[in-house]
>>> print(open('query17.cif').read())   # mmCIF, C-alpha atoms and all ligand atoms
data_data
loop_
_atom_site.group_PDB
_atom_site.id
_atom_site.type_symbol
_atom_site.label_atom_id
_atom_site.label_comp_id
_atom_site.auth_asym_id
_atom_site.auth_seq_id
_atom_site.Cartn_x
_atom_site.Cartn_y
_atom_site.Cartn_z
ATOM 1 C CA MET A 1 10.892 -11.195 -30.154
ATOM 2 C CA SER A 2 7.502 -9.560 -29.713
ATOM 3 C CA THR A 3 6.026 -9.403 -26.219
ATOM 4 C CA ALA A 4 3.234 -11.777 -27.237
ATOM 5 C CA ARG A 5 5.693 -14.401 -28.548
ATOM 6 C CA TRP A 6 7.866 -14.009 -25.483
ATOM 7 C CA ALA A 7 4.796 -14.475 -23.243
ATOM 8 C CA THR A 8 3.772 -17.656 -25.060
ATOM 9 C CA ALA A 9 7.294 -19.107 -24.889
ATOM 10 C CA PHE A 10 7.823 -18.175 -21.245
ATOM 11 C CA SER A 11 4.428 -19.505 -20.178
ATOM 12 C CA ALA A 12 5.270 -22.847 -21.828
ATOM 13 C CA ARG A 13 8.628 -22.939 -20.027
ATOM 14 C CA ALA A 14 6.900 -22.215 -16.718
ATOM 15 C CA ARG A 15 4.347 -24.978 -17.254
ATOM 16 C CA ASP A 16 7.213 -27.423 -17.881
ATOM 17 C CA HIS A 17 9.155 -26.254 -14.847
ATOM 18 C CA TRP A 18 6.282 -26.020 -12.387
ATOM 19 C CA THR A 19 5.327 -29.647 -12.131
ATOM 20 C CA PRO A 20 2.644 -30.526 -9.540
ATOM 21 C CA ALA A 21 5.401 -31.710 -7.202
ATOM 22 C CA ARG A 22 7.388 -28.444 -7.461
ATOM 23 C CA THR A 23 4.252 -26.375 -7.068
ATOM 24 C CA ALA A 24 3.219 -28.358 -3.988
ATOM 25 C CA ALA A 25 6.696 -27.921 -2.485
ATOM 26 C CA LEU A 26 6.475 -24.160 -3.014
ATOM 27 C CA ALA A 27 2.983 -23.963 -1.553
ATOM 28 C CA ASP A 28 3.885 -26.073 1.469
ATOM 29 C CA GLY A 29 0.212 -26.472 2.301
ATOM 30 C CA LYS A 30 -0.771 -22.854 1.578
ATOM 31 C CA ALA A 31 -3.270 -21.820 -1.084
ATOM 32 C CA LEU A 32 -1.634 -20.104 -4.056
ATOM 33 C CA LEU A 33 -3.519 -17.199 -5.583
ATOM 34 C CA VAL A 34 -1.050 -17.146 -8.484
ATOM 35 C CA PRO A 35 0.435 -20.594 -9.120
ATOM 36 C CA PRO A 36 3.658 -19.946 -11.083
ATOM 37 C CA ALA A 37 2.518 -22.093 -13.997
ATOM 38 C CA GLU A 38 -0.557 -19.865 -14.411
ATOM 39 C CA GLY A 39 0.832 -16.427 -13.652
ATOM 40 C CA ALA A 40 4.262 -16.898 -15.196
ATOM 41 C CA THR A 41 4.448 -13.689 -17.222
ATOM 42 C CA LEU A 42 3.194 -11.614 -14.287
ATOM 43 C CA LEU A 43 5.718 -13.174 -11.926
ATOM 44 C CA ARG A 44 8.523 -12.770 -14.451
ATOM 45 C CA ALA A 45 7.549 -9.125 -15.009
ATOM 46 C CA LEU A 46 7.695 -8.600 -11.240
ATOM 47 C CA GLY A 47 11.132 -10.171 -11.106
ATOM 48 C CA LEU A 48 9.915 -13.094 -9.004
ATOM 49 C CA LEU A 49 10.735 -15.783 -11.568
ATOM 50 C CA HIS A 50 14.121 -16.363 -13.163
ATOM 51 C CA ARG A 51 14.639 -16.585 -16.887
ATOM 52 C CA ASP A 52 14.410 -20.394 -16.559
ATOM 53 C CA ALA A 53 11.041 -19.964 -14.736
ATOM 54 C CA SER A 54 12.418 -21.065 -11.358
ATOM 55 C CA MET A 55 11.772 -18.911 -8.283
ATOM 56 C CA PRO A 56 14.951 -17.961 -6.433
ATOM 57 C CA ALA A 57 14.773 -18.356 -2.646
ATOM 58 C CA PRO A 58 14.944 -14.597 -1.888
ATOM 59 C CA GLN A 59 11.892 -13.973 -4.098
ATOM 60 C CA VAL A 60 9.762 -16.609 -2.399
ATOM 61 C CA ARG A 61 9.117 -14.335 0.571
ATOM 62 C CA LYS A 62 7.967 -11.438 -1.640
ATOM 63 C CA TYR A 63 5.792 -13.861 -3.609
ATOM 64 C CA PHE A 64 3.919 -14.930 -0.482
ATOM 65 C CA GLN A 65 3.888 -11.424 0.997
ATOM 66 C CA ILE A 66 1.967 -9.844 -1.892
ATOM 67 C CA GLN A 67 -0.500 -12.719 -2.079
ATOM 68 C CA HIS A 68 -1.058 -12.423 1.664
ATOM 69 C CA MET A 69 -1.784 -8.717 1.252
ATOM 70 C CA VAL A 70 -4.434 -9.453 -1.385
ATOM 71 C CA THR A 71 -5.962 -12.046 0.943
ATOM 72 C CA LEU A 72 -6.036 -9.510 3.788
ATOM 73 C CA LEU A 73 -7.712 -6.923 1.607
ATOM 74 C CA GLY A 74 -9.954 -9.641 0.170
ATOM 75 C CA PRO A 75 -13.229 -8.952 2.017
ATOM 76 C CA ALA A 76 -12.980 -5.184 1.526
ATOM 77 C CA LEU A 77 -12.112 -5.652 -2.140
ATOM 78 C CA ALA A 78 -14.908 -8.184 -2.616
ATOM 79 C CA ALA A 79 -17.404 -5.656 -1.243
ATOM 80 C CA LEU A 80 -16.084 -3.016 -3.653
ATOM 81 C CA ARG A 81 -16.191 -5.473 -6.521
ATOM 82 C CA ALA A 82 -19.796 -6.295 -5.748
ATOM 83 C CA ARG A 83 -20.713 -2.609 -5.987
ATOM 84 C CA HIS A 84 -18.757 -1.704 -9.127
ATOM 85 C CA SER A 85 -18.292 -3.589 -12.362
ATOM 86 C CA ARG A 86 -15.095 -1.674 -13.053
ATOM 87 C CA LEU A 87 -12.834 -0.760 -10.164
ATOM 88 C CA VAL A 88 -10.322 2.075 -10.164
ATOM 89 C CA LEU A 89 -7.571 1.881 -7.558
ATOM 90 C CA VAL A 90 -4.739 4.318 -6.945
ATOM 91 C CA ASP A 91 -1.415 2.912 -5.758
ATOM 92 C CA ALA A 92 0.249 5.874 -4.041
ATOM 93 C CA GLY A 93 4.033 5.606 -3.828
ATOM 94 C CA CYS A 94 3.756 2.501 -5.976
ATOM 95 C CA GLY A 95 7.476 1.751 -6.278
ATOM 96 C CA ARG A 96 7.645 -1.370 -8.416
ATOM 97 C CA SER A 97 3.860 -1.898 -8.097
ATOM 98 C CA TYR A 98 4.023 -5.447 -6.800
ATOM 99 C CA LEU A 99 0.643 -5.349 -5.091
ATOM 100 C CA SER A 100 -1.282 -3.384 -7.680
ATOM 101 C CA MET A 101 0.034 -5.452 -10.573
ATOM 102 C CA LEU A 102 -1.135 -8.551 -8.745
ATOM 103 C CA LEU A 103 -4.554 -6.954 -8.193
ATOM 104 C CA ALA A 104 -4.884 -6.042 -11.866
ATOM 105 C CA TRP A 105 -3.906 -9.618 -12.767
ATOM 106 C CA CYS A 106 -6.403 -11.109 -10.285
ATOM 107 C CA GLY A 107 -9.126 -8.879 -11.696
ATOM 108 C CA ARG A 108 -8.522 -10.276 -15.160
ATOM 109 C CA HIS A 109 -7.604 -13.882 -14.417
ATOM 110 C CA ARG A 110 -9.342 -14.695 -11.139
ATOM 111 C CA TRP A 111 -12.286 -12.402 -10.608
ATOM 112 C CA ASP A 112 -13.433 -11.633 -14.140
ATOM 113 C CA GLN A 113 -13.507 -7.950 -13.322
ATOM 114 C CA VAL A 114 -11.762 -4.925 -14.743
ATOM 115 C CA ILE A 115 -9.444 -3.473 -12.131
ATOM 116 C CA GLU A 116 -7.807 -0.315 -13.348
ATOM 117 C CA ILE A 117 -4.731 0.862 -11.522
ATOM 118 C CA VAL A 118 -3.171 4.285 -11.427
ATOM 119 C CA GLY A 119 0.310 4.023 -9.934
ATOM 120 C CA ILE A 120 1.981 7.184 -8.677
ATOM 121 C CA ASP A 121 5.587 7.568 -7.645
ATOM 122 C CA ARG A 122 7.926 10.518 -7.420
ATOM 123 C CA ASN A 123 10.742 8.454 -8.928
ATOM 124 C CA PRO A 124 10.482 8.739 -12.756
ATOM 125 C CA ALA A 125 12.881 5.824 -13.343
ATOM 126 C CA LEU A 126 10.617 3.543 -11.307
ATOM 127 C CA ILE A 127 7.590 4.762 -13.231
ATOM 128 C CA ASP A 128 9.290 3.923 -16.548
ATOM 129 C CA ASP A 129 10.109 0.505 -15.157
ATOM 130 C CA CYS A 130 6.500 -0.026 -14.027
ATOM 131 C CA ARG A 131 5.265 0.776 -17.538
ATOM 132 C CA ARG A 132 7.687 -1.773 -18.980
ATOM 133 C CA ARG A 133 6.653 -4.424 -16.456
ATOM 134 C CA ALA A 134 2.934 -3.809 -17.007
ATOM 135 C CA ALA A 135 3.448 -4.282 -20.751
ATOM 136 C CA LEU A 136 5.385 -7.507 -20.146
ATOM 137 C CA ALA A 137 2.626 -8.812 -17.899
ATOM 138 C CA GLY A 138 0.019 -7.905 -20.535
ATOM 139 C CA LEU A 139 -1.634 -5.450 -18.146
ATOM 140 C CA ASP A 140 -0.759 -2.139 -19.763
ATOM 141 C CA ASP A 141 -4.348 -1.682 -20.945
ATOM 142 C CA VAL A 142 -5.521 -1.405 -17.315
ATOM 143 C CA MET A 143 -2.476 0.130 -15.626
ATOM 144 C CA THR A 144 -1.296 3.708 -15.999
ATOM 145 C CA PHE A 145 1.578 5.298 -14.157
ATOM 146 C CA ILE A 146 2.241 8.874 -13.193
ATOM 147 C CA ALA A 147 5.569 10.343 -12.160
ATOM 148 C CA GLY A 148 4.697 12.808 -9.400
ATOM 149 C CA THR A 149 4.028 13.204 -5.721
ATOM 150 C CA VAL A 150 1.134 11.672 -3.843
ATOM 151 C CA GLU A 151 0.320 15.125 -2.530
ATOM 152 C CA ASP A 152 -0.370 16.405 -6.056
ATOM 153 C CA ALA A 153 -1.872 13.172 -7.368
ATOM 154 C CA GLY A 154 -5.473 14.426 -7.372
ATOM 155 C CA ALA A 155 -4.662 16.856 -10.184
ATOM 156 C CA HIS A 156 -3.599 13.976 -12.467
ATOM 157 C CA LEU A 157 -6.562 11.668 -11.941
ATOM 158 C CA ALA A 158 -9.239 11.575 -14.612
ATOM 159 C CA ALA A 159 -11.864 10.237 -12.184
ATOM 160 C CA ALA A 160 -12.221 9.675 -8.445
ATOM 161 C CA PRO A 161 -10.887 6.217 -7.543
ATOM 162 C CA HIS A 162 -12.871 3.633 -5.594
ATOM 163 C CA GLY A 163 -9.818 2.774 -3.527
ATOM 164 C CA VAL A 164 -6.473 4.260 -2.539
ATOM 165 C CA LEU A 165 -3.665 1.916 -1.543
ATOM 166 C CA SER A 166 -0.254 2.893 -0.275
ATOM 167 C CA LEU A 167 2.350 0.461 0.964
ATOM 168 C CA HIS A 168 5.383 1.753 2.780
ATOM 169 C CA ALA A 169 5.427 5.128 1.098
ATOM 170 C CA CYS A 170 8.048 7.141 2.923
ATOM 171 C CA ASP A 171 7.412 9.362 5.933
ATOM 172 C CA THR A 172 4.476 11.757 5.462
ATOM 173 C CA ALA A 173 3.526 10.288 2.041
ATOM 174 C CA THR A 174 1.237 7.912 3.960
ATOM 175 C CA CYS A 175 -0.657 10.914 5.326
ATOM 176 C CA ASP A 176 -0.754 12.325 1.777
ATOM 177 C CA ALA A 177 -2.358 9.065 0.633
ATOM 178 C CA LEU A 178 -4.939 9.216 3.433
ATOM 179 C CA ALA A 179 -5.723 12.850 2.612
ATOM 180 C CA LEU A 180 -6.056 11.965 -1.077
ATOM 181 C CA GLY A 181 -8.412 9.072 -0.368
ATOM 182 C CA VAL A 182 -10.633 11.079 1.971
ATOM 183 C CA ARG A 183 -10.693 14.119 -0.322
ATOM 184 C CA LEU A 184 -11.727 12.013 -3.320
ATOM 185 C CA GLY A 185 -14.258 10.052 -1.285
ATOM 186 C CA ALA A 186 -12.559 6.688 -1.878
ATOM 187 C CA GLU A 187 -14.640 3.853 -0.443
ATOM 188 C CA LEU A 188 -11.542 1.926 0.613
ATOM 189 C CA ILE A 189 -8.237 3.319 1.824
ATOM 190 C CA ALA A 190 -5.499 0.915 2.846
ATOM 191 C CA VAL A 191 -2.067 2.122 3.890
ATOM 192 C CA ALA A 192 0.947 0.455 5.451
ATOM 193 C CA PRO A 193 2.949 3.307 6.982
ATOM 194 C CA CYS A 194 6.720 3.593 6.852
ATOM 195 C CA CYS A 195 9.310 5.640 8.750
ATOM 196 C CA GLN A 196 6.875 8.419 9.718
ATOM 197 C CA ALA A 197 8.904 10.968 11.646
ATOM 198 C CA GLU A 198 6.625 13.982 11.875
ATOM 199 C CA LEU A 199 5.911 13.619 15.601
ATOM 200 C CA ALA A 200 9.521 12.689 16.367
ATOM 201 C CA ARG A 201 10.702 15.858 14.579
ATOM 202 C CA GLY A 202 8.262 17.985 16.539
ATOM 203 C CA TRP A 203 9.239 16.328 19.815
ATOM 204 C CA ALA A 204 12.967 16.733 19.047
ATOM 205 C CA ALA A 205 12.392 20.451 18.518
ATOM 206 C CA LYS A 206 10.653 20.651 21.889
ATOM 207 C CA ALA A 207 13.535 18.804 23.573
ATOM 208 C CA GLU A 208 16.031 21.193 21.990
ATOM 209 C CA ALA A 209 14.019 24.186 23.139
ATOM 210 C CA GLY A 210 14.128 22.736 26.661
ATOM 211 C CA ASP A 211 10.343 22.552 26.883
ATOM 212 C CA ALA A 212 9.060 20.840 29.991
ATOM 213 C CA GLY A 213 6.081 18.546 30.356
ATOM 214 C CA ALA A 214 5.126 15.047 31.399
ATOM 215 C CA PHE A 215 6.195 13.726 28.006
ATOM 216 C CA ALA A 216 9.600 15.480 27.999
ATOM 217 C CA PRO A 217 11.562 12.301 28.903
ATOM 218 C CA VAL A 218 10.215 10.756 25.699
ATOM 219 C CA TRP A 219 11.094 13.846 23.642
ATOM 220 C CA ARG A 220 14.691 13.656 24.893
ATOM 221 C CA ALA A 221 15.281 9.994 23.966
ATOM 222 C CA PRO A 222 15.911 9.770 20.176
ATOM 223 C CA HIS A 223 15.213 6.070 19.784
ATOM 224 C CA VAL A 224 12.140 6.089 21.989
ATOM 225 C CA ARG A 225 10.662 9.223 20.457
ATOM 226 C CA ARG A 226 11.099 7.730 16.977
ATOM 227 C CA GLU A 227 9.491 4.410 17.889
ATOM 228 C CA LEU A 228 6.724 5.795 20.063
ATOM 229 C CA GLY A 229 6.210 8.631 17.588
ATOM 230 C CA ALA A 230 5.570 6.134 14.782
ATOM 231 C CA GLU A 231 3.077 4.155 16.882
ATOM 232 C CA LEU A 232 1.235 7.245 18.088
ATOM 233 C CA THR A 233 1.192 8.606 14.540
ATOM 234 C CA ASP A 234 -0.795 5.568 13.454
ATOM 235 C CA VAL A 235 -3.228 6.023 16.346
ATOM 236 C CA MET A 236 -3.658 9.687 15.427
ATOM 237 C CA ARG A 237 -4.097 8.852 11.739
ATOM 238 C CA ALA A 238 -6.782 6.316 12.571
ATOM 239 C CA LEU A 239 -8.651 8.855 14.736
ATOM 240 C CA LEU A 240 -8.483 11.553 12.064
ATOM 241 C CA VAL A 241 -9.710 9.248 9.310
ATOM 242 C CA ARG A 242 -12.487 7.971 11.591
ATOM 243 C CA ALA A 243 -13.429 11.587 12.297
ATOM 244 C CA ALA A 244 -13.680 12.072 8.526
ATOM 245 C CA GLY A 245 -16.369 9.386 8.240
ATOM 246 C CA TYR A 246 -14.540 6.080 7.892
ATOM 247 C CA ASP A 247 -14.595 2.849 9.833
ATOM 248 C CA VAL A 248 -10.909 2.287 10.578
ATOM 249 C CA ALA A 249 -8.986 -0.805 11.659
ATOM 250 C CA ALA A 250 -5.244 -1.100 12.241
ATOM 251 C CA ILE A 251 -4.123 -4.679 11.689
ATOM 252 C CA GLU A 252 -0.817 -6.530 11.765
ATOM 253 C CA PHE A 253 -0.270 -7.883 8.263
ATOM 254 C CA VAL A 254 2.974 -9.786 8.727
ATOM 255 C CA PRO A 255 4.455 -11.097 11.971
ATOM 256 C CA SER A 256 6.794 -8.543 13.530
ATOM 257 C CA ALA A 257 9.579 -11.138 13.270
ATOM 258 C CA HIS A 258 9.707 -10.378 9.513
ATOM 259 C CA THR A 259 9.469 -6.601 9.621
ATOM 260 C CA ARG A 260 8.388 -4.029 12.152
ATOM 261 C CA LYS A 261 6.720 -2.019 9.407
ATOM 262 C CA ASN A 262 3.811 -4.385 9.640
ATOM 263 C CA THR A 263 0.757 -2.262 10.386
ATOM 264 C CA LEU A 264 -1.989 -1.948 7.828
ATOM 265 C CA ILE A 265 -4.507 0.838 8.358
ATOM 266 C CA ARG A 266 -7.683 -0.126 6.543
ATOM 267 C CA ALA A 267 -10.473 2.438 6.253
ATOM 268 C CA LEU A 268 -13.939 1.900 4.818
ATOM 269 C CA ARG A 269 -16.145 4.894 4.035
ATOM 270 C CA GLN A 270 -19.349 4.905 6.041
ATOM 271 C CA GLY A 271 -22.354 5.823 3.882
ATOM 272 C CA GLU A 272 -23.534 9.388 4.118
ATOM 273 C CA ALA A 273 -23.535 9.425 7.913
ATOM 274 C CA GLY A 274 -20.694 11.941 8.020
ATOM 275 C CA GLY A 275 -17.822 12.121 10.414
ATOM 276 C CA ASP A 276 -17.325 11.158 14.024
ATOM 277 C CA PRO A 277 -16.737 14.261 16.176
ATOM 278 C CA ALA A 278 -15.846 12.050 19.169
ATOM 279 C CA ALA A 279 -12.856 10.695 17.247
ATOM 280 C CA ARG A 280 -11.706 14.218 16.509
ATOM 281 C CA ALA A 281 -12.032 15.087 20.195
ATOM 282 C CA GLU A 282 -9.971 12.006 21.100
ATOM 283 C CA TYR A 283 -7.307 13.095 18.632
ATOM 284 C CA GLU A 284 -7.142 16.587 20.156
ATOM 285 C CA ALA A 285 -6.921 15.099 23.665
ATOM 286 C CA LEU A 286 -4.112 12.743 22.624
ATOM 287 C CA VAL A 287 -2.138 15.593 21.059
ATOM 288 C CA ALA A 288 -2.574 17.669 24.212
ATOM 289 C CA ALA A 289 -1.556 14.767 26.473
ATOM 290 C CA THR A 290 1.674 14.171 24.540
ATOM 291 C CA GLY A 291 2.843 17.764 24.500
ATOM 292 C CA GLY A 292 0.913 19.514 21.742
ATOM 293 C CA VAL A 293 2.561 18.167 18.584
ATOM 294 C CA GLY A 294 0.014 16.825 16.095
ATOM 295 C CA LEU A 295 -0.103 15.806 12.463
ATOM 296 C CA ALA A 296 -0.396 18.174 9.515
ATOM 297 C CA LEU A 297 -3.024 15.716 8.296
ATOM 298 C CA ALA A 298 -5.394 17.165 10.894
ATOM 299 C CA ASP A 299 -5.644 20.408 8.903
ATOM 300 C CA ARG A 300 -6.183 18.600 5.612
ATOM 301 C CA LEU A 301 -9.192 16.444 6.457
HETATM 302 C C1 LIG A 401 9.589 1.715 0.246
HETATM 303 S S1 LIG A 401 9.013 2.054 -1.361
HETATM 304 C C2 LIG A 401 7.536 1.094 -1.415
HETATM 305 C C3 LIG A 401 7.109 0.799 -2.804
HETATM 306 C C4 LIG A 401 5.846 -0.051 -2.966
HETATM 307 N N1 LIG A 401 4.674 0.632 -2.480
HETATM 308 C C5 LIG A 401 5.991 -1.400 -2.313
HETATM 309 O O1 LIG A 401 5.386 -1.623 -1.264
HETATM 310 O O2 LIG A 401 6.736 -2.229 -2.844
HETATM 311 C C6 LIG A 401 8.408 3.715 -1.181
HETATM 312 C C7 LIG A 401 8.081 4.375 -2.525
HETATM 313 O O3 LIG A 401 7.344 5.552 -2.262
HETATM 314 C C8 LIG A 401 7.794 6.573 -3.132
HETATM 315 N N2 LIG A 401 7.462 7.855 -2.482
HETATM 316 C C9 LIG A 401 7.853 8.266 -1.256
HETATM 317 N N3 LIG A 401 7.328 9.470 -0.979
HETATM 318 C C10 LIG A 401 6.566 9.815 -2.048
HETATM 319 C C11 LIG A 401 5.757 10.939 -2.351
HETATM 320 N N4 LIG A 401 5.610 11.939 -1.474
HETATM 321 N N5 LIG A 401 5.120 10.982 -3.531
HETATM 322 C C12 LIG A 401 5.270 9.949 -4.418
HETATM 323 N N6 LIG A 401 6.022 8.857 -4.185
HETATM 324 C C13 LIG A 401 6.661 8.787 -3.009
HETATM 325 C C14 LIG A 401 9.271 6.311 -3.307
HETATM 326 O O4 LIG A 401 9.788 6.865 -4.481
HETATM 327 C C15 LIG A 401 9.310 4.778 -3.314
HETATM 328 O O5 LIG A 401 9.222 4.261 -4.600
#
>>> encode(input="query17.cif", output="structure tokens", more="lines below")
Ligand SMILES: C[S@@+](CC[C@H](N)C(=O)[O-])C[C@H]1O[C@@H](n2cnc3c(N)ncnc32)[C@H](O)[C@@H]1O
Amino acid sequence: MSTARWATAFSARARDHWTPARTAALADGKALLVPPAEGATLLRALGLLHRDASMPAPQVRKYFQIQHMVTLLGPALAALRARHSRLVLVDAGCGRSYLSMLLAWCGRHRWDQVIEIVGIDRNPALIDDCRRRAALAGLDDVMTFIAGTVEDAGAHLAAAPHGVLSLHACDTATCDALALGVRLGAELIAVAPCCQAELARGWAAKAEAGDAGAFAPVWRAPHVRRELGAELTDVMRALLVRAAGYDVAAIEFVPSAHTRKNTLIRALRQGEAGGDPAARAEYEALVAATGGVGLALADRL
């Protein structure tokens, strides 16, 4: 069956399945950006709807999570959309591209705006899968995917993007996404960090070398240095990006009861005013106060 015929048949099945009562039960009082009856092919392509158009319980959480993320980014995206008739967004470490596929869909079906996505992931099998899913969702004309690292992504991009997004890209890939966004002058950068261990590695090396200092008890405690290292990494990232000329906010995007990887760093480029030297000075002071280990990002911005 052709993709178009499949899409027509599946959309009809979804409209039958998602009666007003079922849709209201799913929503449970919340607004739905993508009601299943309307976004059936997208949700099927993302693996959130079953073949029979029902939504299995484990997928319900993901369904609400990605919509919530779009809502959180809403004001920043609306400002970008007001400035540009055609938006180009990079999804760095896109994985299965849940968020960016939803954004491309919203552009077409909700906002009447072309949102082009460039998804980048170092896993070629995932990239092949993203291409297949984008075609299923009817979004392959606005979504392209590159198998490669975030660090080298700039070389593959035809034009500078308006926004760089990166959700839970592993370890230092979040810093790579920030560096990419700043280097290309992206107006919006939004990253949700994951398992960043750069500081913890540096602190572990100091503990092993027997270095002394006020922070040494932290360096010696593996769990604490990992946890505190991740938190301080986000503070340092925010300072460095602010120093590079962005207004930066770190916000909690899901309650910590769901996941502890719940920080979203959202950065908006500030006109031509340039950077903020005070933020850079704060970064340097923080590095000094915690024993001298900083982020490689500092040399890249
Ligand atoms: C935890 S998954 C998150 C996927 C997706 N962003 C999401 O939120 O569903 C992390 C993804 O980042 C990719 N990744 C990690 N480091 C990367 C790098 N340096 N360059 C490109 N992709 C990377 C991995 O292959 C993986 O698909």
>>> residues_near_point(input="query17.cif", point="(-2.6, -3.5, -19.3)", cutoff="12 Å", atoms="only C-alpha atoms", output="ChimeraX atom specification")
/A:42,100-105,107-108,114-118,130-145
>>> resolve_selection(input="query17.cif", expression="the PyMOL selection byres (((not hetatm)) within 6 of (chain A and resi 401))", output="list in words")
Gly93, Cys94, Gly95, Arg96, Ser97, Tyr98, Asp121, Arg122, Asn123, Gly148, Thr149, Val150, Ser166, Leu167, His168, Ala169, Cys170 and Ala173 of chain A
>>> resolve_selection(input="query17.cif", expression="the PyMOL selection byres (((chain A and resi 153) around 12) and not hetatm)", output="PyMOL selection string")
chain A and resi 90-93+118-122+145-152+154-161+164+173+176-181+183-184
>>> write_last_selection(input="query17.cif", atoms="C-alpha atoms", output="mmCIF file, in the coordinates of the input")
data_model
loop_
_atom_site.group_PDB
_atom_site.id
_atom_site.type_symbol
_atom_site.label_atom_id
_atom_site.label_comp_id
_atom_site.auth_asym_id
_atom_site.auth_seq_id
_atom_site.Cartn_x
_atom_site.Cartn_y
_atom_site.Cartn_z
ATOM 1 C CA VAL A 90 -4.739 4.318 -6.945
ATOM 2 C CA ASP A 91 -1.415 2.912 -5.758
ATOM 3 C CA ALA A 92 0.249 5.874 -4.041
ATOM 4 C CA GLY A 93 4.033 5.606 -3.828
ATOM 5 C CA VAL A 118 -3.171 4.285 -11.427
ATOM 6 C CA GLY A 119 0.310 4.023 -9.934
ATOM 7 C CA ILE A 120 1.981 7.184 -8.677
ATOM 8 C CA ASP A 121 5.587 7.568 -7.645
ATOM 9 C CA ARG A 122 7.926 10.518 -7.420
ATOM 10 C CA PHE A 145 1.578 5.298 -14.157
ATOM 11 C CA ILE A 146 2.241 8.874 -13.193
ATOM 12 C CA ALA A 147 5.569 10.343 -12.160
ATOM 13 C CA GLY A 148 4.697 12.808 -9.400
ATOM 14 C CA THR A 149 4.028 13.204 -5.721
ATOM 15 C CA VAL A 150 1.134 11.672 -3.843
ATOM 16 C CA GLU A 151 0.320 15.125 -2.530
ATOM 17 C CA ASP A 152 -0.370 16.405 -6.056
ATOM 18 C CA GLY A 154 -5.473 14.426 -7.372
ATOM 19 C CA ALA A 155 -4.662 16.856 -10.184
ATOM 20 C CA HIS A 156 -3.599 13.976 -12.467
ATOM 21 C CA LEU A 157 -6.562 11.668 -11.941
ATOM 22 C CA ALA A 158 -9.239 11.575 -14.612
ATOM 23 C CA ALA A 159 -11.864 10.237 -12.184
ATOM 24 C CA ALA A 160 -12.221 9.675 -8.445
ATOM 25 C CA PRO A 161 -10.887 6.217 -7.543
ATOM 26 C CA VAL A 164 -6.473 4.260 -2.539
ATOM 27 C CA ALA A 173 3.526 10.288 2.041
ATOM 28 C CA ASP A 176 -0.754 12.325 1.777
ATOM 29 C CA ALA A 177 -2.358 9.065 0.633
ATOM 30 C CA LEU A 178 -4.939 9.216 3.433
ATOM 31 C CA ALA A 179 -5.723 12.850 2.612
ATOM 32 C CA LEU A 180 -6.056 11.965 -1.077
ATOM 33 C CA GLY A 181 -8.412 9.072 -0.368
ATOM 34 C CA ARG A 183 -10.693 14.119 -0.322
ATOM 35 C CA LEU A 184 -11.727 12.013 -3.320
#
>>> atom_distance(input="query17.cif", atom1="CA of Gly291 (chain A)", atom2="CA of Phe215 (chain A)")
6.3 Å
>>> resolve_selection(input="query17.cif", expression="the PyMOL selection byres (((chain A and resi 24-28) around 12) and not hetatm)", output="list in words")
Trp18, Thr19, Pro20, Ala21, Arg22, Thr23, Gly29, Lys30, Ala31, Leu32, Leu33, Val34, Pro35, Pro36, Ala37, Ser54, Met55, Pro56, Ala57, Gln59, Val60, Arg61, Tyr63, Phe64 and Gln67 of chain A
>>> write_last_selection(input="query17.cif", atoms="C-alpha atoms", output="compact mmCIF listing (two decimals), in the frame of the given file")
# COMPACT_ATOMS: atom_id res chain seq x y z
CA TRP A 18 6.28 -26.02 -12.39
CA THR A 19 5.33 -29.65 -12.13
CA PRO A 20 2.64 -30.53 -9.54
CA ALA A 21 5.40 -31.71 -7.20
CA ARG A 22 7.39 -28.44 -7.46
CA THR A 23 4.25 -26.38 -7.07
CA GLY A 29 0.21 -26.47 2.30
CA LYS A 30 -0.77 -22.85 1.58
CA ALA A 31 -3.27 -21.82 -1.08
CA LEU A 32 -1.63 -20.10 -4.06
CA LEU A 33 -3.52 -17.20 -5.58
CA VAL A 34 -1.05 -17.15 -8.48
CA PRO A 35 0.44 -20.59 -9.12
CA PRO A 36 3.66 -19.95 -11.08
CA ALA A 37 2.52 -22.09 -14.00
CA SER A 54 12.42 -21.06 -11.36
CA MET A 55 11.77 -18.91 -8.28
CA PRO A 56 14.95 -17.96 -6.43
CA ALA A 57 14.77 -18.36 -2.65
CA GLN A 59 11.89 -13.97 -4.10
CA VAL A 60 9.76 -16.61 -2.40
CA ARG A 61 9.12 -14.34 0.57
CA TYR A 63 5.79 -13.86 -3.61
CA PHE A 64 3.92 -14.93 -0.48
CA GLN A 67 -0.50 -12.72 -2.08
>>> atom_distance(input="query17.cif", atom1="CA of Asp276 (chain A)", atom2="CA of Ala186 (chain A)")
17.2 Å
>>> atom_distance(input="query17.cif", atom1="CA of Met1 (chain A)", atom2="CA of Ala14 (chain A)")
17.8 Å
>>> closest_residue(input="query17.cif", among="A:Gly39, A:Gly274, A:Pro75, A:Gly213", to="Phe10 (chain A)", atoms="only C-alpha atoms")
A:Gly39
>>> closest_residue(input="query17.cif", among="A:Ala45, A:Val248, A:Ala285, A:Val293", to="Lys206 (chain A)", atoms="all atoms listed in the file")
A:Val293
>>> closest_residue(input="query17.cif", among="A:Arg13, A:Arg242, A:Arg280, A:His162", to="Leu77 (chain A)", atoms="only C-alpha atoms")
A:His162
>>> closest_residue(input="query17.cif", among="A:Arg110, A:Ala205, A:His223, A:Ala298", to="Ala243 (chain A)", atoms="only C-alpha atoms")
A:Ala298
>>> residues_around(input="query17.cif", residues="Ala216 (chain A)", least_positions_apart="5", cutoff="9 Å", atoms="all atoms listed in the file", output="VMD selection string")
chain A and resid 203 206 to 207 210 to 211 221 290 to 291
>>> residues_near_point(input="query17.cif", point="(4.7, 8.8, 7.9)", cutoff="8 Å", atoms="only C-alpha atoms", output="ChimeraX atom specification")
/A:169-175,193-198,230,233
